[in-house]
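As provided, protein16.txt (compact mmCIF, C-alpha atoms) reads as follows.
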# COMPACT_ATOMS: atom_id res chain seq x y z
CA MET A 1 167.72 167.02 33.86
CA SER A 2 165.62 168.99 36.36
CA ASP A 3 164.29 167.47 39.60
CA LYS A 4 160.68 167.95 38.44
CA LEU A 5 161.37 166.05 35.21
CA LYS A 6 162.99 163.23 37.19
CA VAL A 7 159.90 162.93 39.40
CA ARG A 8 157.63 162.90 36.36
CA LEU A 9 159.63 160.17 34.62
CA THR A 10 159.70 158.09 37.79
CA LYS A 11 155.92 158.26 38.17
CA ARG A 12 155.25 157.55 34.50
CA PHE A 13 157.75 154.76 33.78
CA PHE A 14 159.42 153.33 36.86
CA LEU A 15 156.58 153.14 39.36
CA PRO A 16 154.41 150.88 37.16
CA ILE A 17 157.40 148.60 36.62
CA LEU A 18 158.13 148.42 40.36
CA THR A 19 154.47 147.74 41.11
CA PHE A 20 154.43 144.91 38.56
CA LEU A 21 157.62 143.38 39.96
CA LYS A 22 156.26 143.49 43.54
CA SER A 23 153.06 141.83 42.36
CA MET A 24 154.98 139.05 40.60
CA SER A 25 157.23 138.58 43.62
CA SER A 26 154.21 138.25 45.90
CA LYS A 27 152.61 135.63 43.62
CA LEU A 28 155.86 133.64 43.47
CA LEU A 29 156.23 133.69 47.24
CA LYS A 30 152.67 132.46 47.73
CA SER A 31 153.37 129.50 45.46
CA LEU A 32 156.29 128.32 47.59
CA ASP A 33 155.76 125.58 50.16
CA PRO A 34 156.85 126.32 53.73
CA VAL A 35 160.33 125.05 54.55
CA SER A 36 160.39 122.29 57.14
CA ARG A 37 161.88 123.40 60.47
CA THR A 38 163.21 119.95 61.25
CA THR A 39 166.93 119.63 61.79
CA LEU A 40 169.13 116.98 60.22
CA SER A 41 169.34 115.09 63.50
CA GLU A 42 165.55 115.13 63.83
CA GLN A 43 165.12 113.77 60.30
CA VAL A 44 167.65 111.01 60.97
CA ALA A 45 165.92 110.13 64.27
CA LYS A 46 162.54 109.84 62.55
CA ARG A 47 163.90 107.68 59.73
CA LEU A 48 165.73 105.36 62.09
CA ALA A 49 162.65 105.08 64.31
CA ALA A 50 160.52 104.17 61.30
CA ARG A 51 163.00 101.46 60.26
CA ILE A 52 163.17 100.03 63.79
CA THR A 53 159.41 99.95 64.33
CA ALA A 54 159.01 98.37 60.87
CA GLY A 55 161.21 95.52 62.06
CA ASP A 56 164.21 96.10 59.79
CA TRP A 57 166.38 95.41 62.85
CA GLN A 58 165.19 92.91 65.41
CA PRO A 59 165.08 93.59 69.19
CA GLY A 60 168.58 93.32 70.62
CA ALA A 61 170.24 93.62 67.20
CA LYS A 62 173.25 95.88 66.78
CA LEU A 63 172.74 98.84 64.45
CA PRO A 64 175.23 99.53 61.65
CA SER A 65 178.33 101.47 62.70
CA GLU A 66 178.25 105.25 62.99
CA ALA A 67 180.40 105.54 59.88
CA GLU A 68 177.96 103.38 57.88
CA LEU A 69 174.92 105.28 59.14
CA CYS A 70 176.55 108.66 58.42
CA LYS A 71 177.24 107.55 54.86
CA ALA A 72 173.74 106.12 54.38
CA PHE A 73 172.00 109.29 55.62
CA GLY A 74 174.53 111.74 54.23
CA VAL A 75 175.05 113.49 57.57
CA GLY A 76 177.93 114.26 59.91
CA ARG A 77 178.75 112.30 63.05
CA SER A 78 177.40 114.99 65.40
CA SER A 79 173.95 114.96 63.74
CA LEU A 80 173.87 111.17 63.87
CA ARG A 81 174.85 111.04 67.54
CA GLU A 82 172.17 113.59 68.42
CA ALA A 83 169.61 111.40 66.65
CA LEU A 84 170.79 108.25 68.44
CA THR A 85 170.68 110.01 71.82
CA SER A 86 167.08 111.05 71.21
CA LEU A 87 166.08 107.49 70.32
CA ALA A 88 167.78 106.23 73.48
CA PHE A 89 165.74 108.69 75.54
CA ILE A 90 162.48 107.26 74.26
CA GLY A 91 163.60 103.67 74.66
CA LEU A 92 164.01 102.57 71.04
CA ILE A 93 167.73 101.88 71.29
CA ARG A 94 170.52 101.39 73.82
CA MET A 95 173.85 103.15 73.39
CA ARG A 96 176.96 101.49 74.80
CA ALA A 97 180.08 103.58 75.26
CA GLY A 98 182.57 102.31 72.70
CA GLY A 99 180.31 99.39 71.86
CA GLY A 100 177.83 100.76 69.34
CA SER A 101 174.04 101.09 69.48
CA TYR A 102 171.49 98.29 69.83
CA VAL A 103 167.75 98.03 69.28
CA ALA A 104 165.96 97.84 72.64
CA GLU A 105 164.54 94.50 73.75
CA GLN A 106 161.00 95.90 73.50
CA PRO A 107 161.29 98.81 71.06
CA SER A 108 157.54 99.22 70.61
CA ALA A 109 156.67 99.32 74.32
CA TYR A 110 157.02 103.07 74.74
CA LEU A 111 155.25 103.97 71.50
CA THR A 112 152.04 102.26 72.58
CA ARG A 113 151.84 103.67 76.11
CA PRO A 114 148.58 105.50 76.94
CA TRP A 115 150.32 108.65 78.22
CA LEU A 116 150.00 110.25 74.80
CA HIS A 117 146.24 110.48 75.36
CA SER A 118 146.13 112.10 78.79
CA GLY A 119 147.47 114.81 81.05
CA MET A 120 148.41 118.44 80.51
CA LEU A 121 150.83 117.63 77.69
CA SER A 122 148.60 115.39 75.60
CA SER A 123 148.95 117.20 72.27
CA GLU A 124 152.02 117.69 70.11
CA LYS A 125 151.49 121.47 70.20
CA ALA A 126 151.24 121.62 74.01
CA LEU A 127 154.28 119.42 74.44
CA GLY A 128 156.31 121.31 71.85
CA GLU A 129 155.54 124.68 73.44
CA PHE A 130 156.41 123.40 76.91
CA VAL A 131 159.76 121.94 75.86
CA GLU A 132 160.50 125.15 73.95
CA ALA A 133 159.78 127.18 77.09
CA ARG A 134 162.07 124.93 79.14
CA LEU A 135 164.84 125.42 76.59
CA ILE A 136 164.60 129.19 76.94
CA LEU A 137 164.29 129.22 80.73
CA GLU A 138 166.61 126.44 81.89
CA THR A 139 169.43 127.11 79.44
CA ASP A 140 170.02 130.55 80.91
CA LEU A 141 169.33 129.33 84.44
CA ALA A 142 172.16 126.84 83.97
CA GLY A 143 174.48 129.70 82.99
CA LEU A 144 173.56 131.73 86.06
CA CYS A 145 173.87 128.64 88.22
CA ALA A 146 177.45 128.06 87.00
CA GLU A 147 178.34 131.60 88.11
CA ARG A 148 176.58 131.58 91.48
CA ILE A 149 176.35 128.02 92.82
CA THR A 150 177.80 127.47 96.28
CA GLN A 151 179.96 124.52 97.27
CA ALA A 152 177.15 123.16 99.45
CA GLU A 153 174.66 123.33 96.56
CA LEU A 154 177.17 121.69 94.24
CA GLN A 155 177.63 118.82 96.68
CA GLU A 156 173.85 118.41 96.93
CA MET A 157 173.55 118.17 93.13
CA GLU A 158 176.42 115.65 93.02
CA ALA A 159 174.58 113.53 95.60
CA LEU A 160 171.39 113.66 93.51
CA VAL A 161 173.22 112.36 90.43
CA GLU A 162 174.81 109.54 92.44
CA ARG A 163 171.39 108.53 93.75
CA MET A 164 170.02 108.64 90.20
CA LYS A 165 172.69 106.16 89.12
CA LEU A 166 171.62 103.74 91.85
CA ALA A 167 167.90 104.18 91.05
CA ILE A 168 168.41 103.08 87.42
CA GLN A 169 168.55 99.46 88.55
CA ASP A 170 165.12 99.02 90.11
CA ASN A 171 163.41 102.25 91.10
CA ALA A 172 162.10 104.29 88.18
CA ASP A 173 159.69 106.18 90.44
CA GLU A 174 162.54 107.36 92.67
CA PHE A 175 164.61 108.21 89.59
CA TRP A 176 162.22 110.77 88.11
CA LYS A 177 161.79 112.46 91.50
CA LEU A 178 165.56 112.83 91.78
CA ASP A 179 165.69 114.13 88.19
CA LEU A 180 163.09 116.77 89.00
CA SER A 181 164.94 117.74 92.19
CA PHE A 182 168.12 118.29 90.16
CA HIS A 183 166.39 120.81 87.89
CA LEU A 184 164.61 122.59 90.74
CA LEU A 185 167.83 122.88 92.75
CA MET A 186 169.50 124.45 89.73
CA GLY A 187 166.79 127.14 89.84
CA ILE A 188 167.58 127.84 93.50
CA ALA A 189 171.35 127.89 92.90
CA ALA A 190 170.93 130.47 90.11
CA LYS A 191 170.02 133.05 92.80
CA ASN A 192 167.31 134.76 90.77
CA GLU A 193 163.95 134.66 92.56
CA VAL A 194 161.92 135.71 89.51
CA LEU A 195 163.32 132.95 87.28
CA ASN A 196 163.16 130.44 90.12
CA ASN A 197 159.48 131.23 90.72
CA ILE A 198 158.77 130.75 87.01
CA LEU A 199 160.50 127.37 87.15
CA LYS A 200 158.50 126.37 90.25
CA GLY A 201 155.35 127.57 88.47
CA VAL A 202 155.72 124.87 85.81
CA ARG A 203 156.74 122.20 88.34
CA ASP A 204 153.62 120.09 87.73
CA GLN A 205 154.22 119.99 83.98
CA MET A 206 157.88 119.15 84.57
CA MET A 207 156.84 116.34 86.91
CA GLU A 208 154.46 114.96 84.28
CA LEU A 209 157.03 115.21 81.49
CA ILE A 210 159.94 113.67 83.40
CA SER A 211 157.89 110.91 85.00
CA LYS A 212 156.57 109.82 81.61
CA SER A 213 159.85 110.05 79.76
CA LEU A 214 162.05 108.10 82.17
CA LEU A 215 160.11 104.86 82.36
CA LEU A 216 162.72 102.84 80.51
CA ARG A 217 166.29 102.04 81.46
CA GLU A 218 167.62 103.52 78.20
CA GLY A 219 166.10 106.92 78.97
CA MET A 220 167.39 106.90 82.54
CA GLU A 221 170.92 106.04 81.42
CA GLN A 222 170.96 108.92 78.96
CA ALA A 223 169.55 111.31 81.57
CA VAL A 224 172.37 110.42 84.00
CA LEU A 225 175.02 110.95 81.31
CA GLN A 226 173.67 114.36 80.41
CA HIS A 227 173.09 115.48 84.00
CA THR A 228 176.71 114.51 84.66
CA LYS A 229 177.82 116.82 81.84
CA VAL A 230 175.77 119.68 83.28
CA LEU A 231 177.27 118.97 86.70
CA GLU A 232 180.82 119.03 85.32
CA ALA A 233 180.18 122.44 83.76
CA LEU A 234 178.86 123.70 87.12
CA ARG A 235 181.98 122.39 88.88
CA GLN A 236 184.08 124.40 86.42
CA HIS A 237 181.87 127.46 87.00
CA SER A 238 181.62 127.79 83.22
CA PRO A 239 178.37 129.52 82.14
CA ALA A 240 178.97 128.76 78.46
CA LYS A 241 179.54 125.04 79.05
CA ALA A 242 176.59 124.84 81.44
CA ARG A 243 174.23 126.47 78.94
CA GLU A 244 175.44 124.17 76.16
CA ALA A 245 175.11 121.03 78.29
CA MET A 246 171.58 121.95 79.39
CA ARG A 247 170.56 122.90 75.84
CA HIS A 248 171.83 119.57 74.51
CA HIS A 249 169.97 117.71 77.28
CA LEU A 250 166.62 119.36 76.61
CA GLN A 251 166.97 119.21 72.82
CA SER A 252 167.48 115.44 73.07
CA PHE A 253 164.09 115.23 74.78
CA GLN A 254 162.55 117.56 72.20
CA ARG A 255 163.66 115.43 69.25
CA GLY A 256 162.62 112.24 71.00
CA TYR A 257 159.10 113.45 71.63
CA LYS A 258 158.65 114.53 68.03
CA VAL A 259 159.59 111.01 66.98
CA LEU A 260 157.12 109.59 69.51
CA PHE A 261 154.22 111.63 68.20
CA GLU A 262 154.98 110.86 64.58
CA GLN A 263 155.21 107.13 65.24
CA HIS A 264 152.08 107.23 67.37
CA LEU A 265 150.12 108.88 64.53
CA LEU A 266 151.41 106.26 62.09
CA ASN A 267 150.30 103.49 64.46
CA GLN A 268 146.82 105.03 64.63
CA GLN A 269 146.58 105.28 60.86
CA GLY A 270 147.71 101.67 60.50

What would the structure in this file look like if it were written as structure tokens?
Amino acid sequence: MSDKLKVRLTKRFFLPILTFLKSMSSKLLKSLDPVSRTTLSEQVAKRLAARITAGDWQPGAKLPSEAELCKAFGVGRSSLREALTSLAFIGLIRMRAGGGSYVAEQPSAYLTRPWLHSGMLSSEKALGEFVEARLILETDLAGLCAERITQAELQEMEALVERMKLAIQDNADEFWKLDLSFHLLMGIAAKNEVLNNILKGVRDQMMELISKSLLLREGMEQAVLQHTKVLEALRQHSPAKAREAMRHHLQSFQRGYKVLFEQHLLNQQG
């Protein structure tokens, strides 16, 4: 078969078929609903939060075991623990090492706070974009910090974490200032002026976010645990471990805030 004949046959028979198939494919794609971007841990966090705020478990009550919750939700232990950590950050539950998880004494206190209505991060979109930006910036800053931190800077960060532990008891205002100092010092220790200036440029938003999120003991306890993990990675000078620890820390906040906004909207509708 000659090349000219092949071209003719293609134009006459195959091109119309291809055009039809593309058209059908486009119509089918338009009929599909967008896939939710929520992770398993985020879905579990939202469902648990809804059950707690509905009063299925009373304040102070112990939640079912991790094994029972994993079976009920059909998820693995890591997804469940990520969900529980997020709920601890926003004050819905308390996690006790080796002792299970408990509903907070005032689980609805944080959901009804007026901070959702004011400030620079008053919309879900603004808050989501800011946390996303922190994830990108601070995850890599943590990696650079692990490579370049000096012994003096490491000792200063260790002292900040120790002071944070003491502030949990009765000084929430001091706690969030120490928390902010920890993150800003990490920017300095990374030895990259451009990235450090970007971090300092969003200092006000960081101050607003941290000061609002660490008003409850549960959130402060989780922050200390996760800062300690970041610190341990820095001591080991392990960029990979430092990035992972910082990513886990910020993602816990991210999931927690999504739960907060969803519950807040439900409260408004009710």

Kindly compute an axis-aligned box around the listed atoms of stretch 87-97 of chain A, allowing 5 Å on each side, and express its centre and edge lengths in Å to one decimal as AutoDock Vina command-line options.
--center_x 171.3 --center_y 105.0 --center_z 72.9 --size_x 27.6 --size_y 17.3 --size_z 15.2

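Residue nearest A:Ala240, chosen from A:Cys145, A:Met164, A:Leu180, A:Ala223 and counting all atoms listed in the file: A:Cys145.
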
Self-check item: Among the residues A:Gly100, A:Gly143, A:Gly128, A:Gly55, the one that comes closest to A:Arg243 [using only C-alpha atoms]
Solution: A:Gly143

Quiz item: Interatomic distance between atom CA of A:Met220 and atom CA of A:Ala72?
Solution: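 Distance reported for this atom pair: 28.9 Å.
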
Go through stretch 91-190 of chain A residue by residue and, counting all atoms listed in the file, keep those with an atom at most 7 Å from stretch 245-259 of chain A; for each kept residue give the shortest atom pair and its distance in Å to one decimal, ordered by chain and increasing number, as a tab-separated table.
residue	atom	partner	partner_atom	distance
A:Val131	CA	A:Gln254	CA	6.4
A:Leu135	CA	A:Arg247	CA	6.3
A:Thr139	CA	A:Met246	CA	5.6
A:Ala142	CA	A:Met246	CA	6.7

Put those residues in a file: C-alpha atoms, as a PDB file, in the coordinates of the input.
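Printed below is out12.pdb as written:
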ATOM      1  CA  VAL A 131     159.760 121.940  75.860  1.00  0.00           C
ATOM      2  CA  LEU A 135     164.840 125.420  76.590  1.00  0.00           C
ATOM      3  CA  THR A 139     169.430 127.110  79.440  1.00  0.00           C
ATOM      4  CA  ALA A 142     172.160 126.840  83.970  1.00  0.00           C
TER       5      ALA A 142
END

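The space between atom CA of A:Met157 and atom CA of A:Glu244 spans 18.1 Å.
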
Exercise. Go ahead and compute the interatomic distance for atom CA of A:Leu80 and atom CA of A:Ile93, in Å to one decimal.
Key: 13.4 Å

Quiz item: From the list A:Glu105, A:Glu129, A:Asp204, A:Glu42, which residue is nearest A:Leu87 when using all atoms listed in the file?
Solution: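 Closest residue, counting all atoms listed in the file: A:Glu42.
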
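Ranking A:Ile52, A:Leu195, A:Leu127, A:Lys62 by their shortest atom-to-atom distance to A:Met95, with all atoms listed in the file included, puts A:Lys62 first.
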
Quiz item: In terms of the shortest atom-to-atom distance over only C-alpha atoms, which of A:Leu84, A:Ala159, A:Ala152, A:Val103 is closest to A:Thr228?
Solution: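 Distance minimum relative to A:Thr228 lands on A:Ala159.
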
Exercise. Compare A:Gln226, A:Gln58, A:Gln155, A:Thr150 by their minimum atom-to-atom distance to A:Thr85, counting only C-alpha atoms, and give me the closest one.
Key: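 The answer is A:Gln226, which sits nearest to A:Thr85.
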
Quick one: residues within 10 Å of A:Leu185, only C-alpha atoms, excluding same-chain residues fewer than 5 positions away - as an mmCIF file with C-alpha atoms, in the coordinates of the input?
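To be explicit, this is the file written out as selection_35.cif:
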data_model
loop_
_atom_site.group_PDB
_atom_site.id
_atom_site.type_symbol
_atom_site.label_atom_id
_atom_site.label_comp_id
_atom_site.auth_asym_id
_atom_site.auth_seq_id
_atom_site.Cartn_x
_atom_site.Cartn_y
_atom_site.Cartn_z
ATOM 1 C CA CYS A 145 173.870 128.640 88.220
ATOM 2 C CA ILE A 149 176.350 128.020 92.820
ATOM 3 C CA GLU A 153 174.660 123.330 96.560
ATOM 4 C CA LEU A 154 177.170 121.690 94.240
ATOM 5 C CA GLU A 156 173.850 118.410 96.930
ATOM 6 C CA MET A 157 173.550 118.170 93.130
ATOM 7 C CA LEU A 160 171.390 113.660 93.510
ATOM 8 C CA LEU A 180 163.090 116.770 89.000
ATOM 9 C CA ALA A 190 170.930 130.470 90.110
ATOM 10 C CA ASN A 196 163.160 130.440 90.120
#
